[in-house]
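*Asks:* For reference, this is work_4.pdb, and it has PDB, C-alpha atoms and all ligand atoms.
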ATOM      1  CA  MET A  11      94.838  92.945  97.779  1.00  0.00           C
ATOM      2  CA  LEU A  12      97.362  90.276  98.663  1.00  0.00           C
ATOM      3  CA  THR A  13     100.769  91.894  98.543  1.00  0.00           C
ATOM      4  CA  LEU A  14     104.177  92.157 100.161  1.00  0.00           C
ATOM      5  CA  PHE A  15     103.951  95.964  99.883  1.00  0.00           C
ATOM      6  CA  PRO A  16     100.537  97.091 101.111  1.00  0.00           C
ATOM      7  CA  GLU A  17     101.924 100.573 101.804  1.00  0.00           C
ATOM      8  CA  VAL A  18     102.152 101.431  98.093  1.00  0.00           C
ATOM      9  CA  PHE A  19      98.351 101.349  97.675  1.00  0.00           C
ATOM     10  CA  GLY A  20      97.248 103.874 100.296  1.00  0.00           C
ATOM     11  CA  PRO A  21      97.772 107.240  98.574  1.00  0.00           C
ATOM     12  CA  PHE A  22      96.496 105.905  95.263  1.00  0.00           C
ATOM     13  CA  VAL A  23      93.224 104.420  96.481  1.00  0.00           C
ATOM     14  CA  GLY A  24      92.613 107.552  98.562  1.00  0.00           C
ATOM     15  CA  ALA A  25      92.870 109.997  95.657  1.00  0.00           C
ATOM     16  CA  SER A  26      90.717 111.179  92.783  1.00  0.00           C
ATOM     17  CA  ILE A  27      87.946 108.972  91.391  1.00  0.00           C
ATOM     18  CA  VAL A  28      88.989 105.835  93.271  1.00  0.00           C
ATOM     19  CA  GLY A  29      89.135 107.795  96.531  1.00  0.00           C
ATOM     20  CA  ARG A  30      85.709 109.319  95.934  1.00  0.00           C
ATOM     21  CA  ALA A  31      84.195 105.953  95.003  1.00  0.00           C
ATOM     22  CA  GLN A  32      85.526 104.549  98.241  1.00  0.00           C
ATOM     23  CA  ALA A  33      84.228 107.486 100.302  1.00  0.00           C
ATOM     24  CA  ALA A  34      80.818 107.043  98.643  1.00  0.00           C
ATOM     25  CA  GLY A  35      80.767 103.349  99.569  1.00  0.00           C
ATOM     26  CA  LYS A  36      80.893 102.142  95.934  1.00  0.00           C
ATOM     27  CA  VAL A  37      84.006 100.088  96.606  1.00  0.00           C
ATOM     28  CA  GLU A  38      85.903  98.866  99.627  1.00  0.00           C
ATOM     29  CA  PHE A  39      89.538  97.769  99.852  1.00  0.00           C
ATOM     30  CA  ALA A  40      91.285  95.450 102.254  1.00  0.00           C
ATOM     31  CA  PHE A  41      95.024  94.826 102.271  1.00  0.00           C
ATOM     32  CA  THR A  42      96.643  91.620 103.383  1.00  0.00           C
ATOM     33  CA  ASN A  43     100.399  91.447 103.765  1.00  0.00           C
ATOM     34  CA  VAL A  44     101.507  88.034 102.554  1.00  0.00           C
ATOM     35  CA  ARG A  45     104.544  88.357 104.800  1.00  0.00           C
ATOM     36  CA  ASP A  46     102.264  88.183 107.843  1.00  0.00           C
ATOM     37  CA  PHE A  47     101.685  84.539 106.844  1.00  0.00           C
ATOM     38  CA  ALA A  48     105.349  83.538 106.798  1.00  0.00           C
ATOM     39  CA  ARG A  49     106.085  80.654 109.144  1.00  0.00           C
ATOM     40  CA  ASP A  50     109.575  81.409 110.438  1.00  0.00           C
ATOM     41  CA  ARG A  51     111.007  84.139 112.585  1.00  0.00           C
ATOM     42  CA  HIS A  52     112.724  85.751 109.612  1.00  0.00           C
ATOM     43  CA  ARG A  53     109.300  86.115 107.975  1.00  0.00           C
ATOM     44  CA  THR A  54     110.527  84.362 104.828  1.00  0.00           C
ATOM     45  CA  VAL A  55     108.165  84.344 101.855  1.00  0.00           C
ATOM     46  CA  ASP A  56     110.526  83.326  99.041  1.00  0.00           C
ATOM     47  CA  ASP A  57     113.150  80.685  98.429  1.00  0.00           C
ATOM     48  CA  LYS A  58     115.646  79.463  95.815  1.00  0.00           C
ATOM     49  CA  PRO A  59     114.168  77.658  92.813  1.00  0.00           C
ATOM     50  CA  PHE A  60     114.457  73.854  92.713  1.00  0.00           C
ATOM     51  CA  GLY A  61     116.707  72.970  89.771  1.00  0.00           C
ATOM     52  CA  GLY A  62     118.802  76.078  90.310  1.00  0.00           C
ATOM     53  CA  GLY A  63     118.833  79.347  88.451  1.00  0.00           C
ATOM     54  CA  PRO A  64     118.714  83.001  89.334  1.00  0.00           C
ATOM     55  CA  GLY A  65     116.263  84.802  91.555  1.00  0.00           C
ATOM     56  CA  MET A  66     113.836  83.728  94.199  1.00  0.00           C
ATOM     57  CA  VAL A  67     110.400  82.146  94.038  1.00  0.00           C
ATOM     58  CA  LEU A  68     107.358  83.124  96.094  1.00  0.00           C
ATOM     59  CA  MET A  69     106.492  80.166  98.348  1.00  0.00           C
ATOM     60  CA  CYS A  70     103.152  78.352  98.494  1.00  0.00           C
ATOM     61  CA  GLY A  71     102.633  78.440 102.271  1.00  0.00           C
ATOM     62  CA  PRO A  72     102.390  82.191 102.869  1.00  0.00           C
ATOM     63  CA  VAL A  73     100.288  82.737  99.717  1.00  0.00           C
ATOM     64  CA  TYR A  74      97.794  79.923 100.429  1.00  0.00           C
ATOM     65  CA  ASP A  75      97.449  81.007 104.062  1.00  0.00           C
ATOM     66  CA  ALA A  76      97.042  84.674 103.125  1.00  0.00           C
ATOM     67  CA  TYR A  77      94.357  83.706 100.601  1.00  0.00           C
ATOM     68  CA  GLU A  78      92.470  81.584 103.164  1.00  0.00           C
ATOM     69  CA  HIS A  79      92.570  84.595 105.476  1.00  0.00           C
ATOM     70  CA  VAL A  80      91.239  86.894 102.737  1.00  0.00           C
ATOM     71  CA  ARG A  81      88.395  84.464 101.988  1.00  0.00           C
ATOM     72  CA  SER A  82      87.425  84.468 105.654  1.00  0.00           C
ATOM     73  CA  LEU A  83      87.076  88.275 105.728  1.00  0.00           C
ATOM     74  CA  HIS A  84      83.817  88.258 103.771  1.00  0.00           C
ATOM     75  CA  PRO A  85      81.127  85.686 102.865  1.00  0.00           C
ATOM     76  CA  ALA A  86      81.338  86.310  99.091  1.00  0.00           C
ATOM     77  CA  GLU A  87      83.827  84.042  97.314  1.00  0.00           C
ATOM     78  CA  PRO A  88      86.355  86.358  95.655  1.00  0.00           C
ATOM     79  CA  GLN A  89      87.417  85.978  92.051  1.00  0.00           C
ATOM     80  CA  LEU A  90      91.163  85.503  92.407  1.00  0.00           C
ATOM     81  CA  ILE A  91      93.339  87.490  90.006  1.00  0.00           C
ATOM     82  CA  MET A  92      97.081  86.863  89.755  1.00  0.00           C
ATOM     83  CA  LEU A  93      99.079  89.798  88.361  1.00  0.00           C
ATOM     84  CA  THR A  94     101.792  88.312  86.184  1.00  0.00           C
ATOM     85  CA  PRO A  95     103.452  89.113  82.853  1.00  0.00           C
ATOM     86  CA  GLN A  96     102.398  85.569  81.829  1.00  0.00           C
ATOM     87  CA  GLY A  97      98.708  86.461  82.067  1.00  0.00           C
ATOM     88  CA  GLU A  98      96.109  87.395  79.473  1.00  0.00           C
ATOM     89  CA  ARG A  99      96.403  91.047  78.429  1.00  0.00           C
ATOM     90  CA  LEU A 100      94.248  93.527  80.337  1.00  0.00           C
ATOM     91  CA  THR A 101      91.924  95.210  77.831  1.00  0.00           C
ATOM     92  CA  GLN A 102      88.827  97.346  78.344  1.00  0.00           C
ATOM     93  CA  ARG A 103      86.772  94.219  77.649  1.00  0.00           C
ATOM     94  CA  VAL A 104      88.475  92.365  80.526  1.00  0.00           C
ATOM     95  CA  VAL A 105      88.076  95.452  82.747  1.00  0.00           C
ATOM     96  CA  GLU A 106      84.328  95.475  81.997  1.00  0.00           C
ATOM     97  CA  GLU A 107      84.102  91.802  82.979  1.00  0.00           C
ATOM     98  CA  LEU A 108      85.975  92.349  86.238  1.00  0.00           C
ATOM     99  CA  ALA A 109      83.764  95.331  87.100  1.00  0.00           C
ATOM    100  CA  GLN A 110      80.819  92.893  87.251  1.00  0.00           C
ATOM    101  CA  ALA A 111      82.377  90.875  90.071  1.00  0.00           C
ATOM    102  CA  GLU A 112      81.093  91.389  93.585  1.00  0.00           C
ATOM    103  CA  ARG A 113      84.517  90.719  94.990  1.00  0.00           C
ATOM    104  CA  LEU A 114      88.027  90.473  93.563  1.00  0.00           C
ATOM    105  CA  ALA A 115      91.186  89.279  95.271  1.00  0.00           C
ATOM    106  CA  LEU A 116      94.322  90.621  93.581  1.00  0.00           C
ATOM    107  CA  LEU A 117      97.477  88.612  94.172  1.00  0.00           C
ATOM    108  CA  CYS A 118     100.672  90.577  93.552  1.00  0.00           C
ATOM    109  CA  GLY A 119     103.935  88.693  93.143  1.00  0.00           C
ATOM    110  CA  HIS A 120     107.548  89.714  93.374  1.00  0.00           C
ATOM    111  CA  TYR A 121     110.922  88.139  92.702  1.00  0.00           C
ATOM    112  CA  GLU A 122     111.264  85.669  89.828  1.00  0.00           C
ATOM    113  CA  GLY A 123     107.721  84.432  90.154  1.00  0.00           C
ATOM    114  CA  PHE A 124     105.229  82.239  91.944  1.00  0.00           C
ATOM    115  CA  ASP A 125     105.663  78.596  92.902  1.00  0.00           C
ATOM    116  CA  GLU A 126     103.683  76.878  90.129  1.00  0.00           C
ATOM    117  CA  ARG A 127     101.466  75.134  92.715  1.00  0.00           C
ATOM    118  CA  ILE A 128      99.909  78.502  93.532  1.00  0.00           C
ATOM    119  CA  ARG A 129      98.451  78.419  90.013  1.00  0.00           C
ATOM    120  CA  GLU A 130      97.624  74.724  90.219  1.00  0.00           C
ATOM    121  CA  GLY A 131      95.815  74.893  93.544  1.00  0.00           C
ATOM    122  CA  LEU A 132      94.214  78.345  93.550  1.00  0.00           C
ATOM    123  CA  GLN A 133      93.372  78.521  89.819  1.00  0.00           C
ATOM    124  CA  PRO A 134      93.623  82.307  89.557  1.00  0.00           C
ATOM    125  CA  ARG A 135      92.730  84.285  86.445  1.00  0.00           C
ATOM    126  CA  GLU A 136      96.176  85.503  85.353  1.00  0.00           C
ATOM    127  CA  ILE A 137      96.385  89.061  84.065  1.00  0.00           C
ATOM    128  CA  SER A 138      99.219  91.132  82.557  1.00  0.00           C
ATOM    129  CA  ILE A 139      99.003  94.849  81.815  1.00  0.00           C
ATOM    130  CA  GLY A 140     101.345  94.759  78.813  1.00  0.00           C
ATOM    131  CA  ASP A 141     104.491  93.428  77.246  1.00  0.00           C
ATOM    132  CA  TYR A 142     107.121  94.797  79.577  1.00  0.00           C
ATOM    133  CA  VAL A 143     108.439  93.573  82.914  1.00  0.00           C
ATOM    134  CA  LEU A 144     107.653  95.193  86.259  1.00  0.00           C
ATOM    135  CA  SER A 145     109.538  94.258  89.404  1.00  0.00           C
ATOM    136  CA  GLY A 146     106.265  93.340  91.061  1.00  0.00           C
ATOM    137  CA  GLY A 147     102.542  93.078  90.550  1.00  0.00           C
ATOM    138  CA  GLU A 148     101.593  96.159  92.598  1.00  0.00           C
ATOM    139  CA  GLY A 149     101.933  98.645  89.734  1.00  0.00           C
ATOM    140  CA  ALA A 150      99.749  96.406  87.604  1.00  0.00           C
ATOM    141  CA  ALA A 151      97.194  96.024  90.418  1.00  0.00           C
ATOM    142  CA  LEU A 152      96.943  99.828  90.683  1.00  0.00           C
ATOM    143  CA  VAL A 153      96.240 100.031  86.964  1.00  0.00           C
ATOM    144  CA  LEU A 154      93.576  97.346  87.224  1.00  0.00           C
ATOM    145  CA  ILE A 155      91.942  98.972  90.273  1.00  0.00           C
ATOM    146  CA  ASP A 156      91.740 102.348  88.547  1.00  0.00           C
ATOM    147  CA  ALA A 157      90.264 100.915  85.351  1.00  0.00           C
ATOM    148  CA  VAL A 158      87.680  98.777  87.192  1.00  0.00           C
ATOM    149  CA  VAL A 159      86.580 101.271  89.857  1.00  0.00           C
ATOM    150  CA  ARG A 160      85.827 104.051  87.382  1.00  0.00           C
ATOM    151  CA  LEU A 161      83.296 101.720  85.718  1.00  0.00           C
ATOM    152  CA  LEU A 162      81.330 101.134  88.926  1.00  0.00           C
ATOM    153  CA  PRO A 163      77.931 102.839  88.732  1.00  0.00           C
ATOM    154  CA  GLY A 164      78.171 106.323  90.226  1.00  0.00           C
ATOM    155  CA  ALA A 165      81.969 106.324  90.519  1.00  0.00           C
ATOM    156  CA  VAL A 166      82.492 108.945  87.805  1.00  0.00           C
ATOM    157  CA  GLY A 167      80.400 112.112  88.085  1.00  0.00           C
ATOM    158  CA  CYS A 168      79.158 111.947  84.510  1.00  0.00           C
ATOM    159  CA  GLU A 169      78.242 108.525  83.099  1.00  0.00           C
ATOM    160  CA  GLU A 170      78.569 109.912  79.565  1.00  0.00           C
ATOM    161  CA  SER A 171      82.257 110.571  80.013  1.00  0.00           C
ATOM    162  CA  VAL A 172      82.734 106.839  80.624  1.00  0.00           C
ATOM    163  CA  ALA A 173      80.731 105.794  77.555  1.00  0.00           C
ATOM    164  CA  ASP A 174      82.213 108.435  75.221  1.00  0.00           C
ATOM    165  CA  GLU A 175      85.879 107.853  75.640  1.00  0.00           C
ATOM    166  CA  SER A 176      88.642 105.906  73.967  1.00  0.00           C
ATOM    167  CA  PHE A 177      88.161 102.150  73.772  1.00  0.00           C
ATOM    168  CA  SER A 178      84.533 101.990  74.864  1.00  0.00           C
ATOM    169  CA  SER A 179      83.666 103.395  71.444  1.00  0.00           C
ATOM    170  CA  GLY A 180      86.543 101.495  69.855  1.00  0.00           C
ATOM    171  CA  LEU A 181      88.117 104.815  68.803  1.00  0.00           C
ATOM    172  CA  LEU A 182      90.684 107.106  70.373  1.00  0.00           C
ATOM    173  CA  GLU A 183      89.314 110.338  71.773  1.00  0.00           C
ATOM    174  CA  TYR A 184      88.842 113.465  69.699  1.00  0.00           C
ATOM    175  CA  PRO A 185      90.818 116.635  70.577  1.00  0.00           C
ATOM    176  CA  GLN A 186      89.408 118.667  73.469  1.00  0.00           C
ATOM    177  CA  TYR A 187      89.783 122.364  74.292  1.00  0.00           C
ATOM    178  CA  THR A 188      88.813 124.625  77.155  1.00  0.00           C
ATOM    179  CA  ARG A 189      89.212 128.334  77.845  1.00  0.00           C
ATOM    180  CA  PRO A 190      90.892 130.521  76.717  1.00  0.00           C
ATOM    181  CA  ARG A 191      89.915 130.488  73.021  1.00  0.00           C
ATOM    182  CA  ALA A 192      93.400 131.635  72.016  1.00  0.00           C
ATOM    183  CA  TYR A 193      96.568 130.574  73.822  1.00  0.00           C
ATOM    184  CA  ARG A 194     100.060 131.544  72.641  1.00  0.00           C
ATOM    185  CA  GLY A 195      98.737 131.983  69.139  1.00  0.00           C
ATOM    186  CA  MET A 196      96.911 128.629  69.080  1.00  0.00           C
ATOM    187  CA  GLU A 197      93.193 128.925  68.389  1.00  0.00           C
ATOM    188  CA  VAL A 198      90.315 126.643  69.326  1.00  0.00           C
ATOM    189  CA  PRO A 199      88.782 125.238  66.083  1.00  0.00           C
ATOM    190  CA  GLU A 200      85.987 127.562  64.963  1.00  0.00           C
ATOM    191  CA  ILE A 201      83.425 124.755  64.700  1.00  0.00           C
ATOM    192  CA  LEU A 202      83.565 124.072  68.463  1.00  0.00           C
ATOM    193  CA  VAL A 203      82.377 127.574  69.268  1.00  0.00           C
ATOM    194  CA  SER A 204      79.803 127.687  66.438  1.00  0.00           C
ATOM    195  CA  GLY A 205      76.976 126.425  68.638  1.00  0.00           C
ATOM    196  CA  ASP A 206      75.999 123.864  65.955  1.00  0.00           C
ATOM    197  CA  HIS A 207      75.806 120.625  67.964  1.00  0.00           C
ATOM    198  CA  GLY A 208      75.351 118.459  64.881  1.00  0.00           C
ATOM    199  CA  LYS A 209      78.484 119.868  63.250  1.00  0.00           C
ATOM    200  CA  VAL A 210      80.422 119.533  66.497  1.00  0.00           C
ATOM    201  CA  ALA A 211      79.444 115.850  66.794  1.00  0.00           C
ATOM    202  CA  ALA A 212      80.383 115.150  63.153  1.00  0.00           C
ATOM    203  CA  TRP A 213      83.735 116.940  63.532  1.00  0.00           C
ATOM    204  CA  ARG A 214      84.542 115.002  66.693  1.00  0.00           C
ATOM    205  CA  HIS A 215      83.705 111.673  65.110  1.00  0.00           C
ATOM    206  CA  ALA A 216      85.864 112.482  62.055  1.00  0.00           C
ATOM    207  CA  GLN A 217      88.744 113.557  64.317  1.00  0.00           C
ATOM    208  CA  ALA A 218      88.456 110.423  66.444  1.00  0.00           C
ATOM    209  CA  LEU A 219      88.471 108.244  63.342  1.00  0.00           C
ATOM    210  CA  ALA A 220      91.449 110.063  61.747  1.00  0.00           C
ATOM    211  CA  ARG A 221      93.421 109.916  64.973  1.00  0.00           C
ATOM    212  CA  THR A 222      92.713 106.215  65.358  1.00  0.00           C
ATOM    213  CA  GLN A 223      93.697 105.493  61.732  1.00  0.00           C
ATOM    214  CA  GLN A 224      96.932 107.391  62.226  1.00  0.00           C
ATOM    215  CA  ARG A 225      97.975 106.185  65.673  1.00  0.00           C
ATOM    216  CA  ARG A 226      96.240 102.867  66.272  1.00  0.00           C
ATOM    217  CA  PRO A 227      95.103 101.297  63.007  1.00  0.00           C
ATOM    218  CA  ASP A 228      95.104  97.969  64.890  1.00  0.00           C
ATOM    219  CA  LEU A 229      91.939  99.142  66.704  1.00  0.00           C
ATOM    220  CA  LEU A 230      90.072  99.407  63.408  1.00  0.00           C
ATOM    221  CA  GLY A 231      88.673  96.435  61.568  1.00  0.00           C
ATOM    222  CA  PRO A 232      89.890  95.521  58.050  1.00  0.00           C
ATOM    223  CA  ASP A 233      87.131  97.807  56.677  1.00  0.00           C
ATOM    224  CA  GLY A 234      88.599 100.744  58.607  1.00  0.00           C
ATOM    225  CA  LYS A 235      85.582 100.814  60.918  1.00  0.00           C
ATOM    226  CA  ALA A 236      85.813 100.511  64.686  1.00  0.00           C
ATOM    227  CA  GLY A 237      84.979  97.034  65.928  1.00  0.00           C
ATOM    228  CA  CYS A 238      82.136  96.652  68.435  1.00  0.00           C
ATOM    229  CA  ASP A 239      84.686  94.653  70.333  1.00  0.00           C
ATOM    230  CA  SER A 240      85.696  97.324  72.821  1.00  0.00           C
ATOM    231  CA  GLY A 241      89.333  97.494  73.678  1.00  0.00           C
ATOM    232  CA  ALA A 242      90.438  94.464  71.678  1.00  0.00           C
TER
HETATM  233 CL1  LIG B   1     100.816  91.945  86.003  1.00  0.00          CL
HETATM  234  N1  LIG B   1     103.377  91.909  86.652  1.00  0.00           N
HETATM  235  C1  LIG B   1     104.667  92.139  86.409  1.00  0.00           C
HETATM  236  N2  LIG B   1     105.587  91.820  87.333  1.00  0.00           N
HETATM  237  N3  LIG B   1     105.123  92.670  85.273  1.00  0.00           N
HETATM  238  C2  LIG B   1     104.188  92.988  84.370  1.00  0.00           C
HETATM  239  C3  LIG B   1     102.820  92.788  84.569  1.00  0.00           C
HETATM  240  C4  LIG B   1     102.437  92.228  85.746  1.00  0.00           C
HETATM  241  N4  LIG B   1     102.154  93.202  83.474  1.00  0.00           N
HETATM  242  C5  LIG B   1     103.095  93.657  82.655  1.00  0.00           C
HETATM  243  N5  LIG B   1     104.313  93.521  83.178  1.00  0.00           N
END
As structure tokens - that is how I would like this structure written.
*Replies:*
Amino acid sequence: MLTLFPEVFGPFVGASIVGRAQAAGKVEFAFTNVRDFARDRHRTVDDKPFGGGPGMVLMCGPVYDAYEHVRSLHPAEPQLIMLTPQGERLTQRVVEELAQAERLALLCGHYEGFDERIREGLQPREISIGDYVLSGGEGAALVLIDAVVRLLPGAVGCEESVADESFSSGLLEYPQYTRPRAYRGMEVPEILVSGDHGKVAAWRHAQALARTQQRRPDLLGPDGKAGCDSGA
């Protein structure tokens, strides 16, 4: 992680599935504060845009130097990811691609943006998590980390739960219930306690399809069937 706010990552990468994956040695994180690579005594990392206009721009020097430092930490060449609203949209398909990489370097920006020569010289893969604006890339990096780490072999207790869920199947998930069977007058559907596994599977598929048609028809092809194209 290359960031101006390394402190925001700690609790997140230590908790839940990501935390367990880390403890089990499935993934390792290193945090580099871009500000440590500022060149002046004020530790400046941003400056006014040439040509005028509002906001500040993240400077080349600290970012290039921080990236050279990150490269030197490990022999594997990282795949550099720049978190920016200008990037390609993060989908489950992109997440699956990133999960194949041995090493990722996530570059989080702040302020009005990056000096364009960071793109030109470092040729990052630019990724956005959706059509809204965050004040910085850290929130997006957390989303990406969570989505990628849970796909690493052995990161989630049950591999089936990864394969079965929304977007890997191309459908939203079916409704789930746990004990008690009745809660405040709301009953668990009879079929789920029938013990008929075939009927349960058919019911779940029908529910997943109906829910997808209702909420996210864009996930279904023109024939109303889920595309094989996961997460498109
Ligand atoms: Cl990756 N960065 C920022 N700053 N805003 C975003 C984003 C990323 N993705 C969606 N909005």
*Asks:* Find the residues around segment 219-227 of chain A up to 6 Å (only C-alpha atoms counted), leave out those fewer than 3 positions away in its own chain, and share them as a PyMOL selection string.
*Replies:* chain A and resi 181-182+216+230
*Asks:* Within 12 Å of Glu148 of chain A, counting only C-alpha atoms, which residues show up once you throw out same-chain ones fewer than 3 positions away? Write them as a list in words, please.
*Replies:*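 Close residues of Glu148 of chain A: Met11, Leu12, Thr13, Leu14, Phe15, Pro16, Glu17, Val18, Phe19, Gly20, Phe22, Phe41, Met92, Leu93, Thr94, Leu116, Leu117, Cys118, Gly119, His120, Ser138, Ile139, Leu144, Ser145, Ala151, Leu152, Val153, Leu154 and Ile155 of chain A.
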*Asks:* With only C-alpha atoms as the counted atoms, please give the residues lying no more than 12 Å from Tyr187 of chain A, apart from itself and same-chain residues fewer than 4 positions off, as a PyMOL selection string.
*Replies:* chain A and resi 191-193+196-203+214
*Asks:* For this structure, which residues satisfy the selection - the PyMOL selection byres (((chain A and resi 160) around 12) and not hetatm) - when it is evaluated on the file as given? I want them as a ChimeraX atom specification.
*Replies:* /A:23,26-32,36-37,102,105-106,108-109,153-159,161-169,171-173
*Asks:* Got time to write the residues from that selection, C-alpha atoms, as a PDB file, in the frame of the given file?
*Replies:*
ATOM      1  CA  VAL A  23      93.224 104.420  96.481  1.00  0.00           C
ATOM      2  CA  SER A  26      90.717 111.179  92.783  1.00  0.00           C
ATOM      3  CA  ILE A  27      87.946 108.972  91.391  1.00  0.00           C
ATOM      4  CA  VAL A  28      88.989 105.835  93.271  1.00  0.00           C
ATOM      5  CA  GLY A  29      89.135 107.795  96.531  1.00  0.00           C
ATOM      6  CA  ARG A  30      85.709 109.319  95.934  1.00  0.00           C
ATOM      7  CA  ALA A  31      84.195 105.953  95.003  1.00  0.00           C
ATOM      8  CA  GLN A  32      85.526 104.549  98.241  1.00  0.00           C
ATOM      9  CA  LYS A  36      80.893 102.142  95.934  1.00  0.00           C
ATOM     10  CA  VAL A  37      84.006 100.088  96.606  1.00  0.00           C
ATOM     11  CA  GLN A 102      88.827  97.346  78.344  1.00  0.00           C
ATOM     12  CA  VAL A 105      88.076  95.452  82.747  1.00  0.00           C
ATOM     13  CA  GLU A 106      84.328  95.475  81.997  1.00  0.00           C
ATOM     14  CA  LEU A 108      85.975  92.349  86.238  1.00  0.00           C
ATOM     15  CA  ALA A 109      83.764  95.331  87.100  1.00  0.00           C
ATOM     16  CA  VAL A 153      96.240 100.031  86.964  1.00  0.00           C
ATOM     17  CA  LEU A 154      93.576  97.346  87.224  1.00  0.00           C
ATOM     18  CA  ILE A 155      91.942  98.972  90.273  1.00  0.00           C
ATOM     19  CA  ASP A 156      91.740 102.348  88.547  1.00  0.00           C
ATOM     20  CA  ALA A 157      90.264 100.915  85.351  1.00  0.00           C
ATOM     21  CA  VAL A 158      87.680  98.777  87.192  1.00  0.00           C
ATOM     22  CA  VAL A 159      86.580 101.271  89.857  1.00  0.00           C
ATOM     23  CA  LEU A 161      83.296 101.720  85.718  1.00  0.00           C
ATOM     24  CA  LEU A 162      81.330 101.134  88.926  1.00  0.00           C
ATOM     25  CA  PRO A 163      77.931 102.839  88.732  1.00  0.00           C
ATOM     26  CA  GLY A 164      78.171 106.323  90.226  1.00  0.00           C
ATOM     27  CA  ALA A 165      81.969 106.324  90.519  1.00  0.00           C
ATOM     28  CA  VAL A 166      82.492 108.945  87.805  1.00  0.00           C
ATOM     29  CA  GLY A 167      80.400 112.112  88.085  1.00  0.00           C
ATOM     30  CA  CYS A 168      79.158 111.947  84.510  1.00  0.00           C
ATOM     31  CA  GLU A 169      78.242 108.525  83.099  1.00  0.00           C
ATOM     32  CA  SER A 171      82.257 110.571  80.013  1.00  0.00           C
ATOM     33  CA  VAL A 172      82.734 106.839  80.624  1.00  0.00           C
ATOM     34  CA  ALA A 173      80.731 105.794  77.555  1.00  0.00           C
TER      35      ALA A 173
END
*Asks:* Identify all residues satisfying the PyMOL selection byres (((chain A and resi 65-69) around 8) and not hetatm) in the given file; provide them as a VMD selection string.
*Replies:* chain A and resid 55 to 59 63 to 64 70 to 73 119 to 125
*Asks:* Suppose you want the space between atom CA of Asp206 of chain A and atom CA of Ala236 of chain A; what is it in Å?
*Replies:*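 Atom CA of Ala236 of chain A lies at a distance of 25.4 Å from atom CA of Asp206 of chain A.
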*Asks:* Figure out the distance between atom CA of Arg113 of chain A and atom CA of Leu83 of chain A, please, to one decimal in Å.
*Replies:*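 Computing it gives 11.3 Å between the two atoms.
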*Asks:* Determine the nearest neighbour of ligand LIG 1 (chain B) from the options A:Ile91, A:Ala218, A:Leu114, A:Ala212, counting only C-alpha atoms and all ligand atoms.
*Replies:* A:Ile91
*Asks:* For a quick check of understanding, using all atoms listed in the file, which of A:Arg53, A:His207, A:Tyr74, A:Gly234 has the smallest distance to Glu130 of chain A?
*Replies:*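 The answer is A:Tyr74, which sits nearest to Glu130 of chain A.
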*Asks:* Residues near Arg135 of chain A, anyone? I mean within 8 Å using all atoms listed in the file, not counting same-chain ones fewer than 2 positions away, as JSON, numbers by chain.
*Replies:* {"A": [89, 90, 91, 92, 97, 133, 137]}
*Asks:* Report, in Å to a single decimal, how far apart atom CA of Arg51 of chain A and atom CA of His84 of chain A are.
*Replies:*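 Rounded to one decimal, the two atoms are 28.9 Å apart.
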*Asks:* Within 7 Å of (101.1, 89.1, 104.0) (file coordinates; all atoms listed in the file), which protein or nucleic acid residues are there? I'd like them as a VMD selection string.
*Replies:* chain A and resid 12 to 14 42 to 47 76
*Asks:* Would you mind telling me which residue in A:Asp50, A:Asp228, A:Glu107, A:Glu98 lies nearest to ligand LIG 1 (chain B) when using only C-alpha atoms and all ligand atoms?
*Replies:* A:Glu98
*Asks:* As AutoDock Vina command-line options, what would the box around ligand LIG 1 (chain B) look like: edges along x, y and z, 8 Å added on every side, centre and edge lengths in Å to one decimal?
*Replies:*
--center_x 103.2 --center_y 92.7 --center_z 85.0 --size_x 20.8 --size_y 17.8 --size_z 20.7
*Asks:* In terms of the shortest atom-to-atom distance over all atoms listed in the file, which of A:Ala25, A:Leu132, A:Ala111, A:Ala150 is closest to ligand LIG 1 (chain B)?
*Replies:*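 Ranking A:Ala25, A:Leu132, A:Ala111, A:Ala150 by distance to ligand LIG 1 (chain B), first place goes to A:Ala150.
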*Asks:* Considering only C-alpha atoms, state which residue in the set A:Glu38, A:Pro190, A:Gln217, A:Gly180 is at the smallest distance from Leu229 of chain A.
*Replies:* A:Gly180
